[in-house]
$ cat my_file20.txt   # compact mmCIF, C-alpha atoms and all ligand atoms
# COMPACT_ATOMS: atom_id res chain seq x y z
CA SER A 1 0.00 0.00 0.00
CA TYR A 2 1.00 3.64 -0.27
CA LYS A 3 3.45 5.27 2.10
CA ALA A 4 3.66 8.73 0.57
CA CYS A 5 1.61 11.34 -1.25
CA LEU A 6 3.36 13.55 -3.81
CA PHE A 7 1.53 16.76 -4.61
CA ASP A 8 1.88 19.07 -7.55
CA LEU A 9 1.47 22.69 -6.40
CA ASP A 10 -0.05 24.92 -9.07
CA GLY A 11 -3.67 23.90 -9.72
CA VAL A 12 -3.67 21.15 -7.08
CA LEU A 13 -3.01 22.87 -3.75
CA VAL A 14 -3.43 26.49 -4.85
CA ASP A 15 -5.11 28.16 -7.77
CA THR A 16 -2.07 29.83 -9.31
CA ALA A 17 -2.83 28.54 -12.82
CA ILE A 18 -4.82 31.71 -13.42
CA TYR A 19 -1.80 33.87 -12.45
CA HIS A 20 0.54 31.97 -14.75
CA PHE A 21 -2.00 32.40 -17.57
CA GLN A 22 -2.32 36.13 -16.91
CA ALA A 23 1.46 36.59 -16.75
CA TRP A 24 1.99 34.76 -20.04
CA LYS A 25 -0.83 36.71 -21.73
CA MET A 26 0.82 39.96 -20.62
CA LEU A 27 4.14 38.75 -22.00
CA GLY A 28 2.53 37.79 -25.32
CA GLU A 29 1.60 41.43 -25.86
CA ASN A 30 5.32 42.04 -26.59
CA PHE A 31 4.97 40.11 -29.81
CA ASN A 32 1.26 40.67 -30.44
CA TYR A 33 0.28 37.17 -29.54
CA GLN A 34 -2.94 36.21 -27.80
CA LEU A 35 -2.65 33.02 -25.83
CA THR A 36 -5.86 30.97 -25.66
CA GLU A 37 -7.17 28.98 -22.70
CA GLU A 38 -6.78 25.79 -24.67
CA GLN A 39 -3.10 26.52 -25.23
CA ASN A 40 -2.71 27.44 -21.57
CA GLU A 41 -3.92 23.96 -20.66
CA GLN A 42 -0.90 22.57 -22.51
CA LEU A 43 1.43 24.81 -20.52
CA LYS A 44 0.27 23.50 -17.15
CA GLY A 45 3.05 21.61 -15.39
CA VAL A 46 5.58 22.71 -18.00
CA SER A 47 8.71 24.64 -16.93
CA ARG A 48 9.05 28.36 -17.49
CA VAL A 49 11.62 28.09 -20.29
CA GLU A 50 9.76 25.25 -22.03
CA SER A 51 6.52 27.26 -21.80
CA LEU A 52 8.17 30.27 -23.48
CA ASN A 53 9.57 28.03 -26.22
CA ARG A 54 6.11 26.63 -26.91
CA ILE A 55 4.47 30.06 -27.00
CA LEU A 56 7.11 31.45 -29.36
CA ASP A 57 6.60 28.37 -31.50
CA TRP A 58 2.82 28.90 -31.62
CA ALA A 59 3.42 32.54 -32.47
CA SER A 60 5.97 31.52 -35.13
CA TYR A 61 8.31 34.03 -33.56
CA SER A 62 12.03 33.38 -33.54
CA ALA A 63 13.71 35.22 -30.69
CA THR A 64 17.40 35.48 -29.85
CA GLU A 65 18.66 33.82 -26.67
CA GLU A 66 19.15 37.28 -25.18
CA GLN A 67 15.55 38.25 -25.94
CA LYS A 68 14.30 35.00 -24.45
CA GLU A 69 16.23 35.60 -21.23
CA ALA A 70 14.69 39.06 -20.96
CA TRP A 71 11.18 37.69 -21.56
CA LEU A 72 11.63 34.89 -19.00
CA LYS A 73 12.51 37.55 -16.45
CA GLU A 74 9.62 39.75 -17.51
CA LYS A 75 7.14 36.88 -17.27
CA ASN A 76 8.37 36.01 -13.80
CA ASP A 77 8.26 39.64 -12.68
CA ASN A 78 4.63 39.76 -13.89
CA TYR A 79 3.93 36.54 -12.03
CA LEU A 80 5.63 37.61 -8.78
CA HIS A 81 3.57 40.77 -8.85
CA LEU A 82 0.35 38.77 -9.33
CA ILE A 83 1.12 36.40 -6.44
CA SER A 84 2.48 39.07 -4.09
CA ASN A 85 -0.72 39.20 -2.05
CA MET A 86 -1.43 35.48 -1.94
CA ASN A 87 -2.63 34.19 1.42
CA PRO A 88 -4.14 31.05 2.99
CA SER A 89 -7.57 31.85 1.51
CA GLU A 90 -6.16 30.80 -1.87
CA ILE A 91 -5.57 27.22 -0.80
CA LEU A 92 -8.00 25.11 -2.84
CA PRO A 93 -11.06 23.72 -1.02
CA GLY A 94 -10.62 20.50 0.95
CA VAL A 95 -6.82 20.56 0.70
CA VAL A 96 -5.96 21.37 4.33
CA ASP A 97 -8.48 18.85 5.65
CA PHE A 98 -7.02 16.13 3.41
CA LEU A 99 -3.42 16.99 4.38
CA GLY A 100 -4.40 16.81 8.05
CA GLN A 101 -5.92 13.37 7.60
CA ILE A 102 -3.02 11.82 5.70
CA LYS A 103 -0.50 13.35 8.13
CA ALA A 104 -2.42 11.83 11.04
CA GLU A 105 -2.37 8.45 9.31
CA GLY A 106 1.42 8.59 8.98
CA TYR A 107 1.77 9.15 5.25
CA LYS A 108 4.82 11.15 4.20
CA ILE A 109 4.08 14.27 2.16
CA ALA A 110 6.22 15.72 -0.62
CA LEU A 111 5.88 18.47 -3.16
CA GLY A 112 6.65 17.71 -6.80
CA SER A 113 6.40 21.00 -8.66
CA ALA A 114 8.01 22.43 -11.78
CA SER A 115 7.85 25.90 -10.26
CA LYS A 116 10.90 27.81 -9.10
CA ASN A 117 8.51 29.94 -7.03
CA ALA A 118 7.10 27.01 -5.04
CA GLU A 119 8.64 27.94 -1.69
CA ILE A 120 7.40 31.53 -1.87
CA ILE A 121 3.87 30.28 -2.47
CA LEU A 122 4.04 27.65 0.29
CA GLU A 123 5.21 30.38 2.68
CA LYS A 124 2.55 32.90 1.68
CA THR A 125 -0.26 30.36 1.99
CA GLY A 126 1.04 28.75 5.18
CA LEU A 127 1.28 25.31 3.57
CA MET A 128 5.02 24.86 4.19
CA PRO A 129 4.82 22.98 7.53
CA TRP A 130 2.88 20.11 5.97
CA PHE A 131 5.79 19.03 3.80
CA ASP A 132 8.45 16.45 4.65
CA LEU A 133 10.24 17.17 1.38
CA ILE A 134 10.08 19.79 -1.34
CA ILE A 135 11.20 19.03 -4.88
CA ASP A 136 10.66 22.09 -7.05
CA GLY A 137 11.89 23.65 -10.28
CA ASN A 138 15.19 24.57 -8.66
CA LYS A 139 15.98 20.92 -8.00
CA VAL A 140 15.22 19.34 -11.37
CA SER A 141 16.65 19.72 -14.83
CA LYS A 142 13.94 17.99 -16.86
CA SER A 143 10.42 19.30 -17.36
CA LYS A 144 7.32 17.13 -16.82
CA PRO A 145 6.38 14.71 -18.53
CA ASP A 146 9.86 13.57 -17.56
CA PRO A 147 9.40 11.77 -14.20
CA GLU A 148 12.50 13.34 -12.58
CA VAL A 149 10.57 15.56 -10.15
CA PHE A 150 8.51 12.67 -8.77
CA LEU A 151 11.35 10.13 -8.77
CA LYS A 152 13.44 12.57 -6.71
CA GLY A 153 10.49 12.93 -4.34
CA ALA A 154 10.12 9.17 -3.87
CA GLU A 155 13.85 8.68 -3.48
CA GLY A 156 14.20 11.58 -1.06
CA LEU A 157 11.50 10.11 1.15
CA GLY A 158 13.04 6.66 0.86
CA PHE A 159 10.17 4.93 -0.94
CA SER A 160 9.78 3.06 -4.20
CA PRO A 161 7.57 4.58 -6.92
CA ALA A 162 4.93 1.92 -6.24
CA GLU A 163 4.65 3.20 -2.66
CA CYS A 164 3.84 6.73 -3.84
CA ILE A 165 0.66 8.29 -5.14
CA VAL A 166 0.75 11.51 -7.13
CA PHE A 167 -1.89 14.28 -7.27
CA GLU A 168 -1.77 16.28 -10.50
CA ASP A 169 -3.93 18.74 -12.45
CA ALA A 170 -1.85 18.84 -15.66
CA GLN A 171 -1.62 16.47 -18.59
CA ALA A 172 2.19 16.72 -18.49
CA GLY A 173 2.20 15.93 -14.77
CA VAL A 174 -0.07 12.89 -15.12
CA GLU A 175 2.30 11.56 -17.79
CA ALA A 176 5.31 12.30 -15.55
CA ALA A 177 3.82 10.21 -12.73
CA ILE A 178 2.99 7.34 -15.10
CA ASN A 179 6.49 7.53 -16.60
CA GLY A 180 7.85 7.22 -13.06
CA GLY A 181 5.79 4.11 -12.36
CA MET A 182 3.44 5.80 -9.91
CA LYS A 183 -0.31 5.82 -9.45
CA VAL A 184 -1.80 9.22 -10.20
CA ILE A 185 -5.00 10.97 -9.21
CA GLY A 186 -6.06 13.71 -11.59
CA ILE A 187 -7.51 16.87 -10.11
CA GLY A 188 -9.90 18.45 -12.59
CA GLU A 189 -11.80 17.14 -15.57
CA ALA A 190 -11.70 13.51 -16.66
CA SER A 191 -11.83 14.58 -20.31
CA VAL A 192 -8.52 16.45 -19.91
CA LEU A 193 -6.79 13.95 -17.60
CA SER A 194 -7.90 10.70 -19.21
CA ASP A 195 -4.65 8.83 -18.46
CA ALA A 196 -4.93 9.27 -14.68
CA ASN A 197 -5.92 6.23 -12.59
CA LYS A 198 -8.81 8.25 -11.22
CA VAL A 199 -9.98 11.84 -11.60
CA ILE A 200 -11.60 13.90 -8.85
CA PRO A 201 -12.83 17.48 -9.34
CA ASN A 202 -11.17 18.71 -6.10
CA PHE A 203 -10.38 17.57 -2.55
CA ILE A 204 -13.78 18.35 -1.07
CA GLY A 205 -14.94 15.32 0.92
CA ILE A 206 -11.90 13.21 0.00
CA LYS A 207 -10.84 11.00 2.91
CA SER A 208 -7.46 9.42 3.68
CA ALA A 209 -9.26 6.06 3.56
CA ASP A 210 -10.02 6.78 -0.12
CA LEU A 211 -6.30 6.28 -0.81
CA LEU A 212 -6.87 2.55 -0.37
CA LEU A 213 -9.44 2.66 -3.19
CA PHE A 214 -7.31 4.62 -5.67
C1 LIG B 301 4.13 24.69 -13.01
C2 LIG B 301 3.01 25.47 -13.65
O1 LIG B 301 3.72 24.23 -11.76
O2 LIG B 301 5.28 25.50 -12.86
C3 LIG B 301 3.47 26.08 -14.95
O3 LIG B 301 1.90 24.61 -13.88
C4 LIG B 301 4.73 26.91 -14.72
O4 LIG B 301 2.43 26.89 -15.47
C5 LIG B 301 5.79 26.05 -14.07
O5 LIG B 301 5.21 27.43 -15.94
C6 LIG B 301 7.07 26.82 -13.76
O6 LIG B 301 6.78 27.80 -12.80
P1 LIG B 301 7.70 29.02 -12.42
O7 LIG B 301 7.06 29.56 -11.17
O8 LIG B 301 9.08 28.45 -12.15
O9 LIG B 301 7.71 29.96 -13.55
MG MG B 302 -0.21 21.88 -11.77
$ encode --input "my_file20.txt" --output "C-alpha cells"
Amino acid sequence: SYKACLFDLDGVLVDTAIYHFQAWKMLGENFNYQLTEEQNEQLKGVSRVESLNRILDWASYSATEEQKEAWLKEKNDNYLHLISNMNPSEILPGVVDFLGQIKAEGYKIALGSASKNAEIILEKTGLMPWFDLIIDGNKVSKSKPDPEVFLKGAEGLGFSPAECIVFEDAQAGVEAAINGGMKVIGIGEASVLSDANKVIPNFIGIKSADLLLF
C-alpha cells in the first residue's frame, strides 16, 4: 500500500494557474500574440523556459537567446507581482483537511512541482509545515512529462515509486507520474486527464481512507 503522497502545487493545492496564464498573456503582448485557454492547458506543469519556447513556437516568432532571457525575467516579474498578495484563503477547497488526515495516518508528504517559485507560495499560503520534502523547479533539470521531479520525491522520502501516489492537475504531470511508475490521481476534468488512474474534481470530501481505493 501507499506510504507517501506527492503533490503538484499549481492547480492542485493552490489556484495559481490563473496567475501563470495572466502573466503569459501579458508577455505575449510584446509580440502581439494572444494566448488561448486551450493553449494554456498545454502549458500547465511545463517549466518556465519550455513554456516560453512553446508560445514562441505557436506565435511563429524566432527570438534570440538574449531576448528569451529578458522575456523569461519579464514573465516572472509579472507573475511575482500577481502572487504578491497570496494568502491562505487561496488554498484550494478541501486541501488542508485532506493533508491533516493523511498526516495523522502517517503518510509522508512531498511536493513535486516544476515551479521555481514554489517555496514563496508555500510560505505565503502557510502550507510549508505540511511538507516532509520539497522538490521544485530549482531541484530538477527535466520538465514534466519527464518523471525526474517525482522520482526525486520518492527517493528523497526513501520509498519506491509503487509506494507513492501523485496528485496532479496537468496532462504533463499525469504523464510524468505514469512515466515514473506511480499511481496518479487527476484533479480536474476527466476529459482532460484521461490517463490518470482516477480523476476527482477537487479535494472536497476526500478521505485518507479513499487512498486505499485509488
Ligand atoms: C508549473 C506550472 O507548476 O510551474 C506552470 O503549472 C509553470 O504553469 C511552471 O510554468 C514553472 O513555474 P515558475 O514559477 O518556475 O515559472
Ligand atoms: Mg499543476
$ closest_atom_pairs --input "my_file20.txt" --of "stretch 79-177 of chain A" --to "stretch 3-22 of chain A" --cutoff "9 Å" --atoms "all atoms listed in the file" --output "JSON lines"
{"residue": "A:Tyr79", "atom": "CA", "partner": "A:His20", "partner_atom": "CA", "distance": 6.3}
{"residue": "A:Leu82", "atom": "CA", "partner": "A:Tyr19", "partner_atom": "CA", "distance": 6.2}
{"residue": "A:Ile83", "atom": "CA", "partner": "A:Tyr19", "partner_atom": "CA", "distance": 7.1}
{"residue": "A:Glu90", "atom": "CA", "partner": "A:Val14", "partner_atom": "CA", "distance": 5.9}
{"residue": "A:Ile91", "atom": "CA", "partner": "A:Val14", "partner_atom": "CA", "distance": 4.6}
{"residue": "A:Leu92", "atom": "CA", "partner": "A:Val14", "partner_atom": "CA", "distance": 5.2}
{"residue": "A:Pro93", "atom": "CA", "partner": "A:Leu13", "partner_atom": "CA", "distance": 8.5}
{"residue": "A:Val95", "atom": "CA", "partner": "A:Leu13", "partner_atom": "CA", "distance": 6.3}
{"residue": "A:Val96", "atom": "CA", "partner": "A:Leu13", "partner_atom": "CA", "distance": 8.7}
{"residue": "A:Ile102", "atom": "CA", "partner": "A:Cys5", "partner_atom": "CA", "distance": 8.4}
{"residue": "A:Gly106", "atom": "CA", "partner": "A:Lys3", "partner_atom": "CA", "distance": 7.9}
{"residue": "A:Tyr107", "atom": "CA", "partner": "A:Ala4", "partner_atom": "CA", "distance": 5.1}
{"residue": "A:Lys108", "atom": "CA", "partner": "A:Ala4", "partner_atom": "CA", "distance": 4.5}
{"residue": "A:Ile109", "atom": "CA", "partner": "A:Cys5", "partner_atom": "CA", "distance": 5.1}
{"residue": "A:Ala110", "atom": "CA", "partner": "A:Leu6", "partner_atom": "CA", "distance": 4.8}
{"residue": "A:Leu111", "atom": "CA", "partner": "A:Phe7", "partner_atom": "CA", "distance": 4.9}
{"residue": "A:Gly112", "atom": "CA", "partner": "A:Asp8", "partner_atom": "CA", "distance": 5.0}
{"residue": "A:Ser113", "atom": "CA", "partner": "A:Asp8", "partner_atom": "CA", "distance": 5.0}
{"residue": "A:Ala114", "atom": "CA", "partner": "A:Asp8", "partner_atom": "CA", "distance": 8.2}
{"residue": "A:Ser115", "atom": "CA", "partner": "A:Asp10", "partner_atom": "CA", "distance": 8.0}
{"residue": "A:Ala118", "atom": "CA", "partner": "A:Leu9", "partner_atom": "CA", "distance": 7.2}
{"residue": "A:Ile121", "atom": "CA", "partner": "A:Val14", "partner_atom": "CA", "distance": 8.6}
{"residue": "A:Leu122", "atom": "CA", "partner": "A:Leu9", "partner_atom": "CA", "distance": 8.7}
{"residue": "A:Thr125", "atom": "CA", "partner": "A:Val14", "partner_atom": "CA", "distance": 8.5}
{"residue": "A:Leu127", "atom": "CA", "partner": "A:Leu13", "partner_atom": "CA", "distance": 8.8}
{"residue": "A:Phe150", "atom": "CA", "partner": "A:Leu6", "partner_atom": "CA", "distance": 7.2}
{"residue": "A:Gly153", "atom": "CA", "partner": "A:Leu6", "partner_atom": "CA", "distance": 7.2}
{"residue": "A:Ala154", "atom": "CA", "partner": "A:Ala4", "partner_atom": "CA", "distance": 7.9}
{"residue": "A:Leu157", "atom": "CA", "partner": "A:Ala4", "partner_atom": "CA", "distance": 8.0}
{"residue": "A:Phe159", "atom": "CA", "partner": "A:Lys3", "partner_atom": "CA", "distance": 7.4}
{"residue": "A:Glu163", "atom": "CA", "partner": "A:Lys3", "partner_atom": "CA", "distance": 5.3}
{"residue": "A:Cys164", "atom": "CA", "partner": "A:Ala4", "partner_atom": "CA", "distance": 4.8}
{"residue": "A:Ile165", "atom": "CA", "partner": "A:Cys5", "partner_atom": "CA", "distance": 5.0}
{"residue": "A:Val166", "atom": "CA", "partner": "A:Leu6", "partner_atom": "CA", "distance": 4.7}
{"residue": "A:Phe167", "atom": "CA", "partner": "A:Phe7", "partner_atom": "CA", "distance": 5.0}
{"residue": "A:Glu168", "atom": "CA", "partner": "A:Asp8", "partner_atom": "CA", "distance": 5.5}
{"residue": "A:Asp169", "atom": "CA", "partner": "A:Gly11", "partner_atom": "CA", "distance": 5.8}
{"residue": "A:Ala170", "atom": "CA", "partner": "A:Gly11", "partner_atom": "CA", "distance": 8.0}
{"residue": "A:Gly173", "atom": "CA", "partner": "A:Asp8", "partner_atom": "CA", "distance": 7.9}
$ closest_residue --input "my_file20.txt" --among "A:Asp57, A:Glu65, A:Glu155, A:Asp77" --to "A:Met26" --atoms "only C-alpha atoms"
A:Asp77
$ residues_around --input "my_file20.txt" --residues "A:Phe214" --least-positions-apart "2" --cutoff "9 Å" --atoms "all atoms listed in the file" --output "PDB file with C-alpha atoms, keeping the file's coordinate frame"
ATOM      1  CA  ILE A 165       0.660   8.290  -5.140  1.00  0.00           C
ATOM      2  CA  LYS A 183      -0.310   5.820  -9.450  1.00  0.00           C
ATOM      3  CA  VAL A 184      -1.800   9.220 -10.200  1.00  0.00           C
ATOM      4  CA  ILE A 185      -5.000  10.970  -9.210  1.00  0.00           C
ATOM      5  CA  ASN A 197      -5.920   6.230 -12.590  1.00  0.00           C
ATOM      6  CA  LYS A 198      -8.810   8.250 -11.220  1.00  0.00           C
ATOM      7  CA  ASP A 210     -10.020   6.780  -0.120  1.00  0.00           C
ATOM      8  CA  LEU A 211      -6.300   6.280  -0.810  1.00  0.00           C
ATOM      9  CA  LEU A 212      -6.870   2.550  -0.370  1.00  0.00           C
TER      10      LEU A 212
END
$ residues_around --input "my_file20.txt" --residues "A:Ala176" --least-positions-apart "4" --cutoff "8 Å" --atoms "only C-alpha atoms" --output "MDAnalysis selection string"
chainID A and resid 144:148 150 172 180
$ write_last_selection --input "my_file20.txt" --atoms "C-alpha atoms" --output "PDB file, in the coordinates of the input"
ATOM      1  CA  LYS A 144       7.320  17.130 -16.820  1.00  0.00           C
ATOM      2  CA  PRO A 145       6.380  14.710 -18.530  1.00  0.00           C
ATOM      3  CA  ASP A 146       9.860  13.570 -17.560  1.00  0.00           C
ATOM      4  CA  PRO A 147       9.400  11.770 -14.200  1.00  0.00           C
ATOM      5  CA  GLU A 148      12.500  13.340 -12.580  1.00  0.00           C
ATOM      6  CA  PHE A 150       8.510  12.670  -8.770  1.00  0.00           C
ATOM      7  CA  ALA A 172       2.190  16.720 -18.490  1.00  0.00           C
ATOM      8  CA  GLY A 180       7.850   7.220 -13.060  1.00  0.00           C
TER       9      GLY A 180
END
$ closest_residue --input "my_file20.txt" --among "A:Thr36, A:Glu29, A:Arg54, A:Gln101" --to "A:Glu74" --atoms "only C-alpha atoms"
A:Glu29
$ atom_distance --input "my_file20.txt" --atom1 "atom CA of A:Lys75" --atom2 "atom CA of A:Pro88"
23.9 Å
$ atom_distance --input "my_file20.txt" --atom1 "atom CA of A:Gly205" --atom2 "atom C6 of ligand LIG 301 (chain B)"
28.8 Å
$ atom_distance --input "my_file20.txt" --atom1 "atom CA of A:Ile206" --atom2 "atom CA of A:Leu99"
10.3 Å
$ closest_residue --input "my_file20.txt" --among "A:Leu80, A:Ile178, A:Leu43, A:Val192" --to "ligand MG 302 (chain B)" --atoms "all atoms listed in the file"
A:Leu43
$ closest_residue --input "my_file20.txt" --among "A:Ala162, A:Ala63, A:Met86, A:Leu151" --to "A:Gly126" --atoms "all atoms listed in the file"
A:Met86
$ axis_aligned_box --input "my_file20.txt" --around "ligand LIG 301 (chain B)" --padding-each-side "6 Å" --output "AutoDock Vina command-line options"
--center_x 5.5 --center_y 27.1 --center_z -13.6 --size_x 19.2 --size_y 17.7 --size_z 16.8
$ closest_residue --input "my_file20.txt" --among "A:Leu213, A:Ile55, A:Ile135, A:Val46" --to "ligand MG 302 (chain B)" --atoms "all atoms listed in the file"
A:Val46
$ closest_residue --input "my_file20.txt" --among "A:Ala190, A:Met182, A:Asp132, A:Glu41" --to "ligand MG 302 (chain B)" --atoms "all atoms listed in the file"
A:Glu41
